[in-house]
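Peer 1: So that you have it, the file is model-v7.cif, and it contains mmCIF, C-alpha atoms:
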data_structure
loop_
_atom_site.label_atom_id
_atom_site.label_comp_id
_atom_site.auth_asym_id
_atom_site.auth_seq_id
_atom_site.Cartn_x
_atom_site.Cartn_y
_atom_site.Cartn_z
CA MET E 747 0.00 0.00 0.00
CA SER E 748 2.69 2.47 0.95
CA GLU E 749 5.24 1.14 -1.53
CA HIS E 750 6.38 4.05 -3.59
CA GLN E 751 5.40 3.81 -7.21
CA HIS E 752 8.44 5.19 -8.92
CA ASP E 753 7.83 4.30 -12.53
CA HIS E 754 8.81 7.43 -14.32
CA GLY E 755 9.95 7.83 -17.87
CA ALA E 756 13.49 9.02 -18.55
CA GLY E 757 12.27 12.55 -19.34
CA GLU E 758 10.59 12.98 -15.99
CA GLU E 759 13.55 11.49 -14.17
CA SER E 760 15.95 13.97 -15.76
CA GLN E 761 14.13 16.82 -14.05
CA GLY E 762 15.57 15.47 -10.81
CA HIS E 763 14.19 15.86 -7.33
CA PRO E 764 15.14 19.37 -6.22
CA GLY E 765 15.40 19.53 -2.48
CA GLY E 766 14.15 16.00 -2.19
CA THR E 767 10.58 17.11 -2.86
CA PRO E 768 8.63 13.93 -3.52
CA ASP E 769 7.14 13.87 -6.98
CA ILE E 770 4.81 11.04 -6.13
CA GLN E 771 1.15 11.44 -5.36
CA LEU E 772 0.76 11.27 -1.61
CA SER E 773 -2.48 10.02 -0.19
CA TYR E 774 -4.38 12.10 2.34
CA ARG E 775 -3.17 9.86 5.16
CA ALA E 776 0.44 9.94 3.98
CA LYS E 777 0.33 13.74 3.85
CA ARG E 778 -1.17 13.88 7.31
CA SER E 779 1.48 11.51 8.66
CA LEU E 780 4.30 13.59 7.13
CA ALA E 781 2.77 16.80 8.50
CA MET E 782 2.58 15.26 11.98
CA GLN E 783 6.18 14.09 11.78
CA GLU E 784 7.34 17.55 10.75
CA LEU E 785 5.38 19.17 13.57
CA LEU E 786 6.78 16.75 16.16
CA VAL E 787 10.32 17.49 14.99
CA GLU E 788 9.66 21.24 14.85
CA LYS E 789 8.33 21.22 18.42
CA GLY E 790 11.35 19.23 19.56
CA ILE E 791 9.27 16.25 20.73
CA ILE E 792 11.18 13.82 18.54
CA ALA E 793 14.50 13.98 16.73
CA PRO E 794 14.47 13.77 12.91
CA ASP E 795 15.81 10.23 12.84
CA ASP E 796 13.66 8.83 15.68
CA ILE E 797 10.97 7.55 13.34
CA GLN E 798 13.44 5.98 10.96
CA ARG E 799 15.19 4.27 13.85
CA SER E 800 11.91 3.01 15.21
CA VAL E 801 10.88 1.65 11.81
CA GLU E 802 14.23 -0.05 11.45
CA SER E 803 14.04 -1.65 14.86
CA ALA E 804 10.54 -2.96 14.09
CA ARG E 805 11.78 -4.40 10.80
CA ALA E 806 14.75 -5.99 12.52
CA ARG E 807 12.38 -8.51 14.10
CA SER E 808 10.84 -11.30 12.08
CA PRO E 809 8.81 -14.47 12.63
CA SER E 810 12.09 -16.33 13.12
CA ASP E 811 12.31 -14.60 16.51
CA GLY E 812 8.92 -15.95 17.57
CA ALA E 813 9.90 -19.33 16.12
CA ARG E 814 12.91 -19.46 18.45
CA VAL E 815 10.60 -18.96 21.41
CA VAL E 816 8.19 -21.65 20.23
CA ALA E 817 10.95 -24.17 19.52
CA ARG E 818 12.42 -23.57 22.97
CA ALA E 819 9.00 -24.22 24.50
CA TRP E 820 8.72 -27.47 22.54
CA VAL E 821 12.03 -28.84 23.81
CA ASP E 822 12.00 -27.41 27.33
CA PRO E 823 8.81 -28.09 29.33
CA ALA E 824 9.94 -25.85 32.19
CA PHE E 825 10.48 -22.96 29.78
CA LYS E 826 7.09 -23.65 28.21
CA GLN E 827 5.44 -23.39 31.62
CA ARG E 828 7.25 -20.11 32.32
CA LEU E 829 6.17 -18.83 28.89
CA LEU E 830 2.52 -19.65 29.60
CA ASP E 831 2.74 -18.20 33.13
CA ASN E 832 4.54 -14.98 32.25
CA ALA E 833 5.53 -14.54 28.63
CA LEU E 834 7.35 -11.25 29.16
CA THR E 835 9.88 -12.65 31.61
CA ALA E 836 10.20 -15.91 29.66
CA ILE E 837 11.11 -14.22 26.37
CA ALA E 838 13.53 -11.99 28.27
CA GLU E 839 15.51 -15.17 28.98
CA LEU E 840 16.08 -15.39 25.22
CA GLY E 841 17.06 -11.74 24.99
CA TYR E 842 13.78 -10.28 23.80
CA ASP E 843 12.17 -7.23 25.31
CA PHE E 844 8.81 -5.70 24.69
CA VAL E 845 7.32 -2.26 24.29
CA ALA E 846 6.94 -0.57 27.67
CA ASP E 847 3.51 -0.90 29.24
CA THR E 848 2.44 -3.60 26.82
CA GLY E 849 1.62 -7.08 28.06
CA LEU E 850 2.37 -10.34 26.31
CA VAL E 851 0.49 -13.59 26.71
CA ALA E 852 1.23 -16.92 25.05
CA LEU E 853 -1.76 -19.18 24.43
CA GLU E 854 -1.24 -22.87 23.82
CA ASN E 855 -3.02 -24.74 21.07
CA THR E 856 -4.01 -28.22 22.15
CA ASP E 857 -6.04 -31.16 20.84
CA GLU E 858 -9.14 -29.54 22.33
CA LEU E 859 -8.59 -25.84 21.76
CA HIS E 860 -7.26 -23.80 18.85
CA HIS E 861 -6.46 -20.08 19.26
CA VAL E 862 -6.53 -17.51 16.49
CA VAL E 863 -5.56 -13.89 17.10
CA VAL E 864 -7.05 -10.71 15.63
CA CYS E 865 -7.28 -7.05 16.49
CA THR E 866 -10.71 -5.95 15.34
CA LEU E 867 -10.09 -2.32 16.34
CA CYS E 868 -6.78 -1.75 14.56
CA SER E 869 -3.83 -4.09 14.02
CA CYS E 870 -2.30 -4.88 17.43
CA TYR E 871 0.30 -7.56 16.93
CA PRO E 872 3.29 -8.93 18.89
CA GLY E 873 5.73 -7.15 16.57
CA ALA E 874 8.65 -7.51 18.97
CA LEU E 875 8.49 -11.26 18.36
CA LEU E 876 7.03 -11.51 14.85
CA GLY E 877 8.12 -8.35 13.06
CA PRO E 878 5.61 -6.18 11.20
CA PRO E 879 2.16 -7.75 10.68
CA PRO E 880 1.25 -9.12 7.26
CA ASP E 881 -1.11 -6.96 5.19
CA TRP E 882 -4.02 -9.40 5.47
CA TYR E 883 -3.85 -9.15 9.27
CA LYS E 884 -4.61 -5.43 8.94
CA SER E 885 -7.33 -5.91 6.33
CA LEU E 886 -10.93 -5.11 7.15
CA ALA E 887 -11.92 -8.47 5.67
CA TYR E 888 -9.83 -10.53 8.11
CA ARG E 889 -10.61 -8.32 11.09
CA SER E 890 -14.36 -8.39 10.56
CA ARG E 891 -14.79 -11.97 9.37
CA VAL E 892 -12.60 -13.95 11.73
CA VAL E 893 -14.75 -13.05 14.72
CA ILE E 894 -18.04 -14.07 13.12
CA GLU E 895 -17.03 -17.01 10.94
CA PRO E 896 -13.61 -18.13 12.19
CA ARG E 897 -13.82 -21.63 10.79
CA ALA E 898 -14.59 -20.36 7.28
CA VAL E 899 -11.64 -17.96 7.47
CA LEU E 900 -9.32 -20.70 8.75
CA ARG E 901 -10.48 -22.94 5.91
CA GLU E 902 -9.44 -20.25 3.43
CA PHE E 903 -5.99 -20.35 5.04
CA GLY E 904 -6.00 -24.10 4.42
CA LEU E 905 -6.76 -25.06 7.99
CA GLU E 906 -9.73 -27.36 8.43
CA LEU E 907 -10.37 -28.09 12.11
CA GLU E 908 -12.44 -30.97 13.43
CA SER E 909 -15.60 -29.87 15.21
CA ASP E 910 -14.39 -31.34 18.51
CA ILE E 911 -11.56 -28.80 18.55
CA GLY E 912 -12.94 -25.57 19.95
CA VAL E 913 -11.93 -22.41 18.10
CA ARG E 914 -11.13 -19.57 20.44
CA VAL E 915 -10.77 -16.21 18.74
CA ILE E 916 -8.62 -13.76 20.68
CA ASP E 917 -9.43 -10.12 20.00
CA SER E 918 -6.50 -8.01 21.26
CA THR E 919 -8.51 -4.96 22.12
CA ALA E 920 -6.30 -3.51 24.85
CA GLU E 921 -2.60 -3.41 25.74
CA ILE E 922 -1.95 -7.15 25.79
CA ARG E 923 -0.40 -8.80 22.75
CA TYR E 924 -0.91 -12.48 22.03
CA LEU E 925 1.38 -15.16 20.72
CA VAL E 926 -0.08 -18.53 19.79
CA LEU E 927 2.03 -21.47 20.92
CA PRO E 928 1.22 -24.10 18.29
CA GLY E 929 1.39 -27.78 19.07
CA ARG E 930 4.59 -29.62 18.21
CA PRO E 931 4.09 -31.61 14.99
CA ALA E 932 4.20 -35.38 15.08
CA GLY E 933 7.36 -37.03 13.82
CA THR E 934 9.67 -34.39 15.26
CA GLU E 935 10.98 -36.45 18.14
CA GLY E 936 14.72 -36.14 18.38
CA MET E 937 14.89 -33.01 16.19
CA ALA E 938 17.20 -30.27 17.40
CA GLU E 939 15.79 -26.96 18.60
CA GLU E 940 17.18 -25.08 15.57
CA GLN E 941 15.55 -27.55 13.15
CA LEU E 942 12.27 -27.33 15.02
CA ALA E 943 12.31 -23.53 14.74
CA GLU E 944 12.29 -23.90 10.95
CA LEU E 945 8.91 -25.63 11.19
CA VAL E 946 7.31 -22.71 13.02
CA THR E 947 5.57 -20.43 10.54
CA ARG E 948 4.34 -16.91 11.18
CA ASN E 949 0.78 -18.04 10.49
CA SER E 950 1.04 -20.80 13.08
CA MET E 951 1.92 -18.18 15.70
CA ILE E 952 -1.13 -16.08 14.72
CA GLY E 953 -3.26 -19.22 14.70
CA VAL E 954 -4.32 -19.24 11.04
CA GLY E 955 -2.03 -22.16 10.27
CA LEU E 956 -0.15 -25.08 11.74
CA PRO E 957 3.60 -25.62 11.89
CA LEU E 958 5.15 -27.36 8.89
CA SER E 959 5.53 -31.11 8.84
CA PRO E 960 9.15 -32.22 9.27
CA GLU E 961 9.23 -33.91 5.85
CA LEU E 962 8.61 -30.51 4.22
CA VAL E 963 11.86 -29.12 5.55
CA THR E 964 14.99 -30.16 3.74
CA THR E 965 17.70 -31.34 6.04
CA MET K 605 2.04 -7.47 32.79
CA SER K 606 2.52 -3.86 33.83
CA PRO K 607 4.32 -2.46 36.86
CA ASP K 608 1.08 -1.57 38.62
CA SER K 609 -0.56 -4.69 39.90
CA SER K 610 -4.31 -4.46 40.04
CA ASP K 611 -5.21 -5.05 43.69
CA SER K 612 -8.48 -3.21 43.33
CA ALA K 613 -10.08 -5.39 40.64
CA ILE K 614 -13.80 -5.62 41.30
CA PHE K 615 -14.35 -8.82 39.29
CA GLY K 616 -12.64 -12.17 39.65
CA PRO K 617 -12.06 -15.14 37.35
CA GLY K 618 -15.31 -16.91 36.49
CA ASP K 619 -17.54 -13.93 37.29
CA ARG K 620 -20.39 -13.36 34.85
CA VAL K 621 -20.12 -9.87 33.40
CA ARG K 622 -22.15 -7.83 30.98
CA VAL K 623 -20.49 -5.33 28.67
CA SER K 624 -22.04 -1.85 28.90
CA GLU K 625 -24.13 -0.89 25.93
CA ARG K 626 -22.77 2.60 25.43
CA TYR K 627 -21.91 4.16 22.12
CA PRO K 628 -19.78 7.24 22.79
CA ALA K 629 -18.48 9.00 19.70
CA SER K 630 -15.15 9.47 21.44
CA HIS K 631 -12.27 6.99 21.31
CA HIS K 632 -12.76 3.80 23.26
CA ARG K 633 -11.51 0.25 22.84
CA THR K 634 -14.65 -1.80 23.39
CA PRO K 635 -15.68 -3.43 20.10
CA TRP K 636 -19.34 -3.00 19.23
CA TYR K 637 -20.05 -6.70 18.83
CA ILE K 638 -19.63 -7.40 22.56
CA LYS K 639 -21.63 -4.40 23.79
CA GLY K 640 -24.66 -5.53 25.76
CA LYS K 641 -23.41 -9.13 25.69
CA THR K 642 -22.71 -11.35 28.66
CA GLY K 643 -19.54 -13.35 29.14
CA ARG K 644 -17.30 -14.54 31.96
CA VAL K 645 -14.05 -13.20 33.32
CA ASP K 646 -11.26 -15.46 32.11
CA VAL K 647 -8.21 -13.54 33.35
CA VAL K 648 -7.80 -10.46 35.52
CA TYR K 649 -4.93 -8.48 34.07
CA ASP K 650 -3.13 -5.54 35.58
CA ALA K 651 -4.28 -1.96 35.38
CA TYR K 652 -3.34 -0.16 32.18
CA MET K 653 -3.45 3.45 31.14
CA ASN K 654 -6.90 4.49 30.02
CA PRO K 655 -6.95 4.86 26.22
CA GLU K 656 -10.03 7.05 26.43
CA SER K 657 -8.05 9.94 27.86
CA ARG K 658 -4.71 9.06 26.28
CA ALA K 659 -6.32 9.45 22.88
CA TYR K 660 -6.76 13.14 23.67
CA GLY K 661 -3.27 13.93 24.88
CA GLN K 662 -3.82 13.14 28.55
CA ALA K 663 -1.86 10.73 30.72
CA GLY K 664 -4.43 7.92 30.86
CA LEU K 665 -4.54 8.05 34.65
CA PRO K 666 -5.82 6.59 36.84
CA ARG K 667 -5.01 3.23 35.34
CA VAL K 668 -7.92 0.88 34.76
CA THR K 669 -7.95 -2.87 35.34
CA VAL K 670 -8.22 -4.89 32.14
CA TYR K 671 -9.99 -8.24 32.00
CA ARG K 672 -9.87 -10.98 29.42
CA VAL K 673 -13.56 -11.75 29.00
CA GLU K 674 -14.68 -14.91 27.26
CA PHE K 675 -17.93 -15.18 25.32
CA ASP K 676 -19.62 -18.15 23.72
CA GLN K 677 -19.90 -17.49 20.00
CA ALA K 678 -23.57 -18.43 20.13
CA ASP K 679 -24.16 -15.59 22.62
CA LEU K 680 -22.67 -13.03 20.24
CA TRP K 681 -24.12 -14.01 16.88
CA GLU K 682 -27.63 -15.37 16.54
CA SER K 683 -26.70 -16.98 13.26
CA TYR K 684 -23.57 -18.71 14.54
CA ARG K 685 -23.64 -22.29 13.28
CA GLY K 686 -20.26 -23.54 14.50
CA PRO K 687 -19.73 -25.97 17.38
CA ALA K 688 -20.91 -24.95 20.84
CA ASN K 689 -17.35 -24.87 22.14
CA ASP K 690 -16.34 -22.00 19.85
CA ARG K 691 -15.55 -18.87 21.83
CA ILE K 692 -14.21 -15.34 21.59
CA CYS K 693 -12.08 -13.51 24.12
CA ALA K 694 -11.70 -9.75 24.21
CA ASP K 695 -9.75 -7.54 26.60
CA VAL K 696 -12.10 -5.11 28.28
CA PHE K 697 -11.42 -2.17 30.58
CA GLU K 698 -13.19 -2.42 33.93
CA HIS K 699 -15.46 0.60 33.51
CA TRP K 700 -17.10 -1.16 30.57
CA LEU K 701 -18.18 -4.15 32.68
CA GLU K 702 -21.24 -4.66 34.88
CA PRO K 703 -22.12 -7.64 37.07
CA ALA K 704 -24.43 -10.04 35.22
#
Could you render the structure from this file as C-alpha cells?
Peer 2:
Amino acid sequence: MSEHQHDHGAGEESQGHPGGTPDIQLSYRAKRSLAMQELLVEKGIIAPDDIQRSVESARARSPSDGARVVARAWVDPAFKQRLLDNALTAIAELGYDFVADTGLVALENTDELHHVVVCTLCSCYPGALLGPPPDWYKSLAYRSRVVIEPRAVLREFGLELESDIGVRVIDSTAEIRYLVLPGRPAGTEGMAEEQLAELVTRNSMIGVGLPLSPELVTT
Amino acid sequence: MSPDSSDSAIFGPGDRVRVSERYPASHHRTPWYIKGKTGRVDVVYDAYMNPESRAYGQAGLPRVTVYRVEFDQADLWESYRGPANDRICADVFEHWLEPA
C-alpha cells in the first residue's frame, strides 16, 4: 500500500528531485502523517531520525524470533510453563524485550482448543516477536470476518479443524499482545531446537495455520 | 504485565459480566459486537493506562484494570452455526463491565 510507485519515464527522471521534494502522489493519510512528523520534529518532541530508527528496529524482528521462542517451549517443558505463566519474563531469557507498558500472553493450542488472534479495532500484533504484521492481518476483511465465521476464514488459510476442537478467537482490544504457541508436529521427536524452529511459521503463531511437517523441511 | 498490579479489581475469574451498551463517539476500545453481551471473566490483568483519555493527549490516569472476558460465539451471533465450544475472548477495561 505504501510502496512508492516510482515508474517514471526518462524525461521525468531527468528533471531530478530538487530539495528531495517527492514527486509522487501522496495520499491524504500519507500527507497527514508527514505533516505530523514535521510538527513533532519542529516542536522538539522527537528527533528527525527517531521515526526511521523506530521503523528499522521494528523491521529488525521477524517471525524467526517468535519461532525461536516456540521451539524452545517445545524442547524445554519448564520454559514452556514459564512462557505460559509470564511470557514477558520468559522471552527476556532469550534476549527479547517488549514495548513498555504492553503485556504479552502466550496461548497454547491443544487437541481440544485452537487459538486464532485478531485485532478488530486496529492491528495490534506482537511485533517484537514476529516483526511487522502481514497486510491481510490489517485488512478489514480478516478483522471483521474472523470473529463471526472463524472456521470459514481458517479454511481459506487451508486449515480445516475438526468440530471437537474448539476455536477460540482472541481479540486483542487492549494493551496485551498475544502469541499462539502451536502444538509440536508429530514425527519431530529427536529433532534439534534449531531444526524445530524452521517448522514454526508466522501463520502458526497467529493461529491461522499449523507448523510445517518435518518432511517438508529439507535437512 | 505492567508495573502496577491491580489489587483493586472488582471482578474475579469466572464472574459473569455484561459489557455496557454505550456508544460514545469518542475513542474507546470496546468493540461494538460485545456491547450488551454477557460473558465470563477469564483472566484479571493488571491496570493499564486508560486509552479514552490518552487518545486526547492526557496521561491515561488513573489506570484501569483490564480483563480478558470470554464469550460463547452463540451468545454473540444469533446466526452462529459452529460448534458450541467456539468462543471469543476480548480484553475489556473495567469501567465497561457490569455484574451479570
Peer 1: Would you kindly report the residues of chain K within 8 Å of chain E, using all atoms listed in the file, as a ChimeraX atom specification?
Peer 2: /K:605-607,633-635,652,670,677,681,684,686-687,689-697
Peer 1: Applying 8 Å and only C-alpha atoms, which residues near K:Leu680 remain after dropping the ones on its own chain fewer than 3 positions away? List them as a list in words.
Peer 2: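 The contact residues come out as Tyr637, Ile638, Lys641, Phe675, Asp676 and Gln677 of chain K.
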Peer 1: Which value, in Å to one decimal, gives the distance between atom CA of K:Trp636 and atom CA of E:Tyr871?
Peer 2: 20.3 Å
Peer 1: For the file shown, report as a ChimeraX atom specification the outcome of the PyMOL selection byres ((chain E and resi 880-885) around 8) at residue level.
Peer 2: /E:864,868-869,878-879,886-889
Peer 1: Report, in Å with one decimal, the straight-line distance from atom CA of E:Met937 to atom CA of E:Arg807.
Peer 2: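 Interatomic distance here is 24.7 Å.
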Peer 1: Name the residues that the PyMOL selection byres ((chain E and resi 805) around 12) picks from the file above, as an mmCIF file with C-alpha atoms, keeping the file's coordinate frame, using the file's chain letters and numbers.
Peer 2:
data_model
loop_
_atom_site.group_PDB
_atom_site.id
_atom_site.type_symbol
_atom_site.label_atom_id
_atom_site.label_comp_id
_atom_site.auth_asym_id
_atom_site.auth_seq_id
_atom_site.Cartn_x
_atom_site.Cartn_y
_atom_site.Cartn_z
ATOM 1 C CA GLN E 798 13.440 5.980 10.960
ATOM 2 C CA ARG E 799 15.190 4.270 13.850
ATOM 3 C CA SER E 800 11.910 3.010 15.210
ATOM 4 C CA VAL E 801 10.880 1.650 11.810
ATOM 5 C CA GLU E 802 14.230 -0.050 11.450
ATOM 6 C CA SER E 803 14.040 -1.650 14.860
ATOM 7 C CA ALA E 804 10.540 -2.960 14.090
ATOM 8 C CA ALA E 806 14.750 -5.990 12.520
ATOM 9 C CA ARG E 807 12.380 -8.510 14.100
ATOM 10 C CA SER E 808 10.840 -11.300 12.080
ATOM 11 C CA PRO E 809 8.810 -14.470 12.630
ATOM 12 C CA ASP E 811 12.310 -14.600 16.510
ATOM 13 C CA GLY E 873 5.730 -7.150 16.570
ATOM 14 C CA ALA E 874 8.650 -7.510 18.970
ATOM 15 C CA LEU E 875 8.490 -11.260 18.360
ATOM 16 C CA LEU E 876 7.030 -11.510 14.850
ATOM 17 C CA GLY E 877 8.120 -8.350 13.060
ATOM 18 C CA PRO E 878 5.610 -6.180 11.200
ATOM 19 C CA PRO E 879 2.160 -7.750 10.680
#
Peer 1: Starting from the displayed file, determine the output of the PyMOL selection byres ((chain K and resi 667) around 8) and express the residue list as number ranges by chain.
Peer 2: K: 651-654, 664-666, 668-669
Peer 1: Have a look at E:Gly841, E:Gly955, E:Tyr924, E:Asp822 and name the one nearest to E:Glu902; count only C-alpha atoms.
Peer 2: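 Between E:Gly841, E:Gly955, E:Tyr924, E:Asp822, the residue approaching E:Glu902 most closely is E:Gly955.
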Peer 1: Atom CA of K:Glu656 to atom CA of K:His632: how many Å, to one decimal?
Peer 2: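 These two atoms are separated by 5.3 Å.
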Peer 1: So that I can see what lies close to K:His631, please list as a PyMOL selection string the residues with an atom at most 10 Å from it, counting only C-alpha atoms and leaving out residues fewer than 2 positions away in the same chain.
Peer 2: chain K and resi 628-629+633-634+655-660
Peer 1: Limited to C-alpha atoms, could you put the picked residues into a file as a PDB file, keeping the file's coordinate frame?
Peer 2:
ATOM      1  CA  PRO K 628     -19.780   7.240  22.790  1.00  0.00           C
ATOM      2  CA  ALA K 629     -18.480   9.000  19.700  1.00  0.00           C
ATOM      3  CA  ARG K 633     -11.510   0.250  22.840  1.00  0.00           C
ATOM      4  CA  THR K 634     -14.650  -1.800  23.390  1.00  0.00           C
ATOM      5  CA  PRO K 655      -6.950   4.860  26.220  1.00  0.00           C
ATOM      6  CA  GLU K 656     -10.030   7.050  26.430  1.00  0.00           C
ATOM      7  CA  SER K 657      -8.050   9.940  27.860  1.00  0.00           C
ATOM      8  CA  ARG K 658      -4.710   9.060  26.280  1.00  0.00           C
ATOM      9  CA  ALA K 659      -6.320   9.450  22.880  1.00  0.00           C
ATOM     10  CA  TYR K 660      -6.760  13.140  23.670  1.00  0.00           C
TER      11      TYR K 660
END
Peer 1: Can you tell me, as a list in words, what residues are no more than 7 Å from E:Glu854 when counting all atoms listed in the file, ignoring any on the same chain fewer than 3 positions away?
Peer 2: Val926, Leu927 and Pro928 of chain E
Peer 1: How would you write as a PyMOL selection string the residues that get within 10 Å of (-16.2, -5.9, 41.8) in the file's frame, counting only C-alpha atoms?
Peer 2: chain K and resi 612-616+619+698+701-703
Peer 1: Output C-alpha atoms for every residue in the selection just made, as a CSV table (one decimal), keeping the file's coordinate frame.
Peer 2:
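Done, and the output landed in out.csv:
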chain,number,residue,atom,x,y,z
K,612,SER,CA,-8.5,-3.2,43.3
K,613,ALA,CA,-10.1,-5.4,40.6
K,614,ILE,CA,-13.8,-5.6,41.3
K,615,PHE,CA,-14.4,-8.8,39.3
K,616,GLY,CA,-12.6,-12.2,39.6
K,619,ASP,CA,-17.5,-13.9,37.3
K,698,GLU,CA,-13.2,-2.4,33.9
K,701,LEU,CA,-18.2,-4.2,32.7
K,702,GLU,CA,-21.2,-4.7,34.9
K,703,PRO,CA,-22.1,-7.6,37.1
Peer 1: Please write stretch 630-644 of chain K of the preceding block to a file containing N, CA, C and O atoms, as a PDB file, in the first residue's frame?
Peer 2:
ATOM      1  N   SER K 630     -16.573   9.283  21.164  1.00  0.00           N
ATOM      2  CA  SER K 630     -15.152   9.471  21.443  1.00  0.00           C
ATOM      3  C   SER K 630     -14.419   8.123  21.419  1.00  0.00           C
ATOM      4  O   SER K 630     -15.043   7.059  21.433  1.00  0.00           O
ATOM      5  N   HIS K 631     -13.090   8.195  21.415  1.00  0.00           N
ATOM      6  CA  HIS K 631     -12.272   6.992  21.307  1.00  0.00           C
ATOM      7  C   HIS K 631     -12.482   6.057  22.501  1.00  0.00           C
ATOM      8  O   HIS K 631     -12.437   6.466  23.651  1.00  0.00           O
ATOM      9  N   HIS K 632     -12.728   4.812  22.213  1.00  0.00           N
ATOM     10  CA  HIS K 632     -12.760   3.795  23.259  1.00  0.00           C
ATOM     11  C   HIS K 632     -12.415   2.461  22.599  1.00  0.00           C
ATOM     12  O   HIS K 632     -12.509   2.322  21.382  1.00  0.00           O
ATOM     13  N   ARG K 633     -11.995   1.499  23.419  1.00  0.00           N
ATOM     14  CA  ARG K 633     -11.514   0.248  22.841  1.00  0.00           C
ATOM     15  C   ARG K 633     -12.407  -0.938  23.224  1.00  0.00           C
ATOM     16  O   ARG K 633     -11.932  -2.027  23.519  1.00  0.00           O
ATOM     17  N   THR K 634     -13.696  -0.723  23.172  1.00  0.00           N
ATOM     18  CA  THR K 634     -14.652  -1.802  23.385  1.00  0.00           C
ATOM     19  C   THR K 634     -15.339  -2.058  22.044  1.00  0.00           C
ATOM     20  O   THR K 634     -16.060  -1.197  21.561  1.00  0.00           O
ATOM     21  N   PRO K 635     -15.076  -3.209  21.419  1.00  0.00           N
ATOM     22  CA  PRO K 635     -15.677  -3.429  20.098  1.00  0.00           C
ATOM     23  C   PRO K 635     -17.198  -3.542  20.195  1.00  0.00           C
ATOM     24  O   PRO K 635     -17.727  -4.045  21.197  1.00  0.00           O
ATOM     25  N   TRP K 636     -17.876  -3.075  19.178  1.00  0.00           N
ATOM     26  CA  TRP K 636     -19.344  -2.999  19.228  1.00  0.00           C
ATOM     27  C   TRP K 636     -19.984  -4.365  19.407  1.00  0.00           C
ATOM     28  O   TRP K 636     -21.037  -4.491  20.030  1.00  0.00           O
ATOM     29  N   TYR K 637     -19.351  -5.406  18.859  1.00  0.00           N
ATOM     30  CA  TYR K 637     -20.048  -6.705  18.828  1.00  0.00           C
ATOM     31  C   TYR K 637     -20.163  -7.359  20.195  1.00  0.00           C
ATOM     32  O   TYR K 637     -20.888  -8.346  20.348  1.00  0.00           O
ATOM     33  N   ILE K 638     -19.445  -6.823  21.212  1.00  0.00           N
ATOM     34  CA  ILE K 638     -19.626  -7.395  22.558  1.00  0.00           C
ATOM     35  C   ILE K 638     -20.481  -6.491  23.445  1.00  0.00           C
ATOM     36  O   ILE K 638     -20.823  -6.866  24.560  1.00  0.00           O
ATOM     37  N   LYS K 639     -20.840  -5.312  22.954  1.00  0.00           N
ATOM     38  CA  LYS K 639     -21.627  -4.398  23.786  1.00  0.00           C
ATOM     39  C   LYS K 639     -23.004  -4.999  24.089  1.00  0.00           C
ATOM     40  O   LYS K 639     -23.684  -5.494  23.190  1.00  0.00           O
ATOM     41  N   GLY K 640     -23.378  -4.970  25.357  1.00  0.00           N
ATOM     42  CA  GLY K 640     -24.656  -5.525  25.759  1.00  0.00           C
ATOM     43  C   GLY K 640     -24.633  -7.043  25.912  1.00  0.00           C
ATOM     44  O   GLY K 640     -25.632  -7.650  26.297  1.00  0.00           O
ATOM     45  N   LYS K 641     -23.487  -7.670  25.631  1.00  0.00           N
ATOM     46  CA  LYS K 641     -23.409  -9.132  25.689  1.00  0.00           C
ATOM     47  C   LYS K 641     -22.832  -9.577  27.034  1.00  0.00           C
ATOM     48  O   LYS K 641     -22.109  -8.852  27.693  1.00  0.00           O
ATOM     49  N   THR K 642     -23.168 -10.805  27.391  1.00  0.00           N
ATOM     50  CA  THR K 642     -22.712 -11.355  28.660  1.00  0.00           C
ATOM     51  C   THR K 642     -21.652 -12.436  28.426  1.00  0.00           C
ATOM     52  O   THR K 642     -21.808 -13.283  27.541  1.00  0.00           O
ATOM     53  N   GLY K 643     -20.602 -12.359  29.214  1.00  0.00           N
ATOM     54  CA  GLY K 643     -19.543 -13.353  29.143  1.00  0.00           C
ATOM     55  C   GLY K 643     -19.041 -13.639  30.542  1.00  0.00           C
ATOM     56  O   GLY K 643     -19.703 -13.309  31.531  1.00  0.00           O
ATOM     57  N   ARG K 644     -17.862 -14.264  30.638  1.00  0.00           N
ATOM     58  CA  ARG K 644     -17.297 -14.538  31.962  1.00  0.00           C
ATOM     59  C   ARG K 644     -15.845 -14.068  31.988  1.00  0.00           C
ATOM     60  O   ARG K 644     -15.148 -14.111  30.972  1.00  0.00           O
TER      61      ARG K 644
END
